[in-house]
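Below: the structure, in structure tokens.
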Amino acid sequence: MKWLLDTEIVSALSKPTRPPALVAWLNKHADEAALSVVTLGELSYGLRTAGNEIARRSLEEWLSQLRRQFSDAVLGIDEGTIIEWKTLLAELKAKNRTIPCEDSLIAAIARQHDLTVVFIKDKHFAHTGARLLQL
């Protein structure tokens with residue numbers, strides 16, 4: 001694995017209109033990409049708060065398919081992750097920076113596994129010390 005997909009990247013794939021650059025990139029790198037349990041949790045939350053039942057069912061099916069597609073490439077949280085995360089939080093505090101909890105956990109997972117975070121426009125990752133690829 002080389003790439004850790006941020007939640008906004010994965011979420012963009014659930015939309016009827018997908019960014020062409022993202023689709024092209026994923027077609028080329030899908031077998032080198034991973035998801036984090038953080039992203040799966042964020043997506044689960046999103047579908048539970050979806051506006052209507054039809055949208056919710058469609059998102060549930062999409063999320064189920066996504067879990068199957070990445071079944072061998074989902075990175076969890078363990079003691080090493082928490083140590084890396086707390087190290088990152090200390091670094092951010094020293095820079096007087098904060099980022100959302102989910103993004104800091106994704107960055108910590110990327111750092112722990114020496115992966116590059118792939119994102120679209122979320123600037124929160126800029127100060128995390130993780131390698132980044134913006135699509």
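Residues are named by chain letter and number: chains run A, B, ... in the order of the structure tokens, numbers start at 1 in each chain, and ligands are numbered from 1 in the order shown.
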
* Polymer residues at most 8 Å from Arg131 (chain A), only C-alpha atoms, same-chain spacing of 3 or more positions, as a list in words -> Ala110, Arg111, Leu115, Thr116 and Val117 of chain A

Quick one: residues within 8 Å of region 32-37 of chain A, only C-alpha atoms, excluding same-chain residues fewer than 6 positions away - as a tab-separated table (two decimals) with C-alpha atoms, in the first residue's frame?
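Output saved as around21.tsv:
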```tsv
chain	number	residue	atom	x	y	z
A	1	MET	CA	0.00	0.00	0.00
A	2	LYS	CA	1.11	3.53	-0.78
A	3	TRP	CA	-1.99	5.66	-0.38
A	4	LEU	CA	-4.48	6.36	2.41
A	5	LEU	CA	-7.73	7.80	1.08
A	6	ASP	CA	-9.25	10.63	3.08
A	70	PHE	CA	-11.35	-2.66	0.44
A	73	ALA	CA	-7.02	-2.73	2.87
A	74	VAL	CA	-8.72	-1.24	5.93
A	75	LEU	CA	-6.31	0.06	8.54
A	76	GLY	CA	-7.40	0.03	12.15
A	77	ILE	CA	-6.33	1.80	15.29
A	106	ILE	CA	-6.20	9.69	9.55
A	109	ILE	CA	-2.50	6.26	10.59
```

* Asked: Quick one: residues within 12 Å of Leu47 (chain A), only C-alpha atoms counted, chain neighbours fewer than 2 positions away excluded, as a list in words?
  ->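 That gives Ser11, Ser14, Leu40, Gly41, Glu42, Leu43, Ser44, Tyr45, Thr49, Ala50, Gly51, Asn52, Glu53, Ile54, Ala55, Arg56, Arg57, Ser58, Leu59, Glu60, Glu61, Trp62, Leu63 and Ser64 of chain A.
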
Take the residues from that selection and write them out as a tab-separated table (two decimals), in the first residue's frame, keeping N, CA and C atoms.
```tsv
chain	number	residue	atom	x	y	z
A	11	SER	N	-16.00	9.78	-0.14
A	11	SER	CA	-17.35	10.34	-0.22
A	11	SER	C	-17.67	10.85	-1.62
A	14	SER	N	-19.31	8.45	-3.95
A	14	SER	CA	-20.72	8.10	-3.77
A	14	SER	C	-21.64	9.03	-4.54
A	40	LEU	N	-14.41	4.81	7.48
A	40	LEU	CA	-15.62	3.98	7.51
A	40	LEU	C	-16.59	4.47	8.57
A	41	GLY	N	-16.07	4.90	9.71
A	41	GLY	CA	-16.92	5.45	10.76
A	41	GLY	C	-17.60	6.75	10.34
A	42	GLU	N	-16.84	7.62	9.69
A	42	GLU	CA	-17.41	8.88	9.22
A	42	GLU	C	-18.50	8.63	8.18
A	43	LEU	N	-18.25	7.69	7.27
A	43	LEU	CA	-19.25	7.38	6.25
A	43	LEU	C	-20.50	6.76	6.87
A	44	SER	N	-20.31	5.91	7.88
A	44	SER	CA	-21.46	5.31	8.57
A	44	SER	C	-22.31	6.39	9.24
A	45	TYR	N	-21.64	7.34	9.86
A	45	TYR	CA	-22.35	8.46	10.47
A	45	TYR	C	-23.13	9.23	9.41
A	49	THR	N	-27.34	9.89	9.06
A	49	THR	CA	-27.94	11.22	9.11
A	49	THR	C	-28.45	11.67	7.74
A	50	ALA	N	-28.49	10.75	6.78
A	50	ALA	CA	-28.99	11.08	5.44
A	50	ALA	C	-30.44	11.53	5.54
A	51	GLY	N	-30.80	12.46	4.69
A	51	GLY	CA	-32.09	13.12	4.76
A	51	GLY	C	-33.31	12.25	4.60
A	52	ASN	N	-33.26	11.24	3.74
A	52	ASN	CA	-34.46	10.45	3.52
A	52	ASN	C	-34.10	8.97	3.39
A	53	GLU	N	-35.11	8.15	3.49
A	53	GLU	CA	-34.92	6.69	3.49
A	53	GLU	C	-34.33	6.18	2.19
A	54	ILE	N	-34.73	6.72	1.07
A	54	ILE	CA	-34.20	6.27	-0.23
A	54	ILE	C	-32.70	6.55	-0.31
A	55	ALA	N	-32.30	7.76	0.08
A	55	ALA	CA	-30.87	8.11	0.08
A	55	ALA	C	-30.11	7.21	1.05
A	56	ARG	N	-30.68	6.96	2.20
A	56	ARG	CA	-30.03	6.14	3.22
A	56	ARG	C	-29.80	4.72	2.70
A	57	ARG	N	-30.79	4.14	2.09
A	57	ARG	CA	-30.65	2.77	1.56
A	57	ARG	C	-29.61	2.71	0.45
A	58	SER	N	-29.61	3.70	-0.41
A	58	SER	CA	-28.62	3.75	-1.48
A	58	SER	C	-27.21	3.86	-0.91
A	59	LEU	N	-27.04	4.72	0.09
A	59	LEU	CA	-25.73	4.87	0.72
A	59	LEU	C	-25.31	3.62	1.49
A	60	GLU	N	-26.26	2.94	2.11
A	60	GLU	CA	-25.93	1.68	2.81
A	60	GLU	C	-25.39	0.65	1.83
A	61	GLU	N	-26.03	0.52	0.68
A	61	GLU	CA	-25.57	-0.43	-0.33
A	61	GLU	C	-24.19	-0.03	-0.84
A	62	TRP	N	-24.00	1.25	-1.10
A	62	TRP	CA	-22.70	1.73	-1.57
A	62	TRP	C	-21.61	1.46	-0.54
A	63	LEU	N	-21.89	1.73	0.74
A	63	LEU	CA	-20.91	1.51	1.80
A	63	LEU	C	-20.60	0.03	1.95
A	64	SER	N	-21.58	-0.81	1.83
A	64	SER	CA	-21.36	-2.25	1.88
A	64	SER	C	-20.45	-2.71	0.75
```

* Distance in Å - CA of His113 (chain A) versus CA of Gly80 (chain A) -> 9.8 Å

* Residues of region 4-135 of chain A in alpha helix (DSSP H) according to DSSP, as a PyMOL selection string? -> chain A and resi 7-12+20-29+37-48+53-69+79-94+101-112

* To do: Using DSSP on the backbone, list every residue of region 7-123 of chain A that comes out as strand (DSSP E or B), and give them as number ranges by chain.
  => A: 33-36, 74-75, 116-119

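Of the listed residues (A:Leu133, A:Leu92, A:Asp31, A:Lys123), A:Asp31 comes nearest to Ser71 (chain A); the distances count only C-alpha atoms.
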
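Nearest residue to Leu13 (chain A) among A:Arg97, A:Leu66, A:Lys28, A:Ser104 is A:Leu66, counting only C-alpha atoms.
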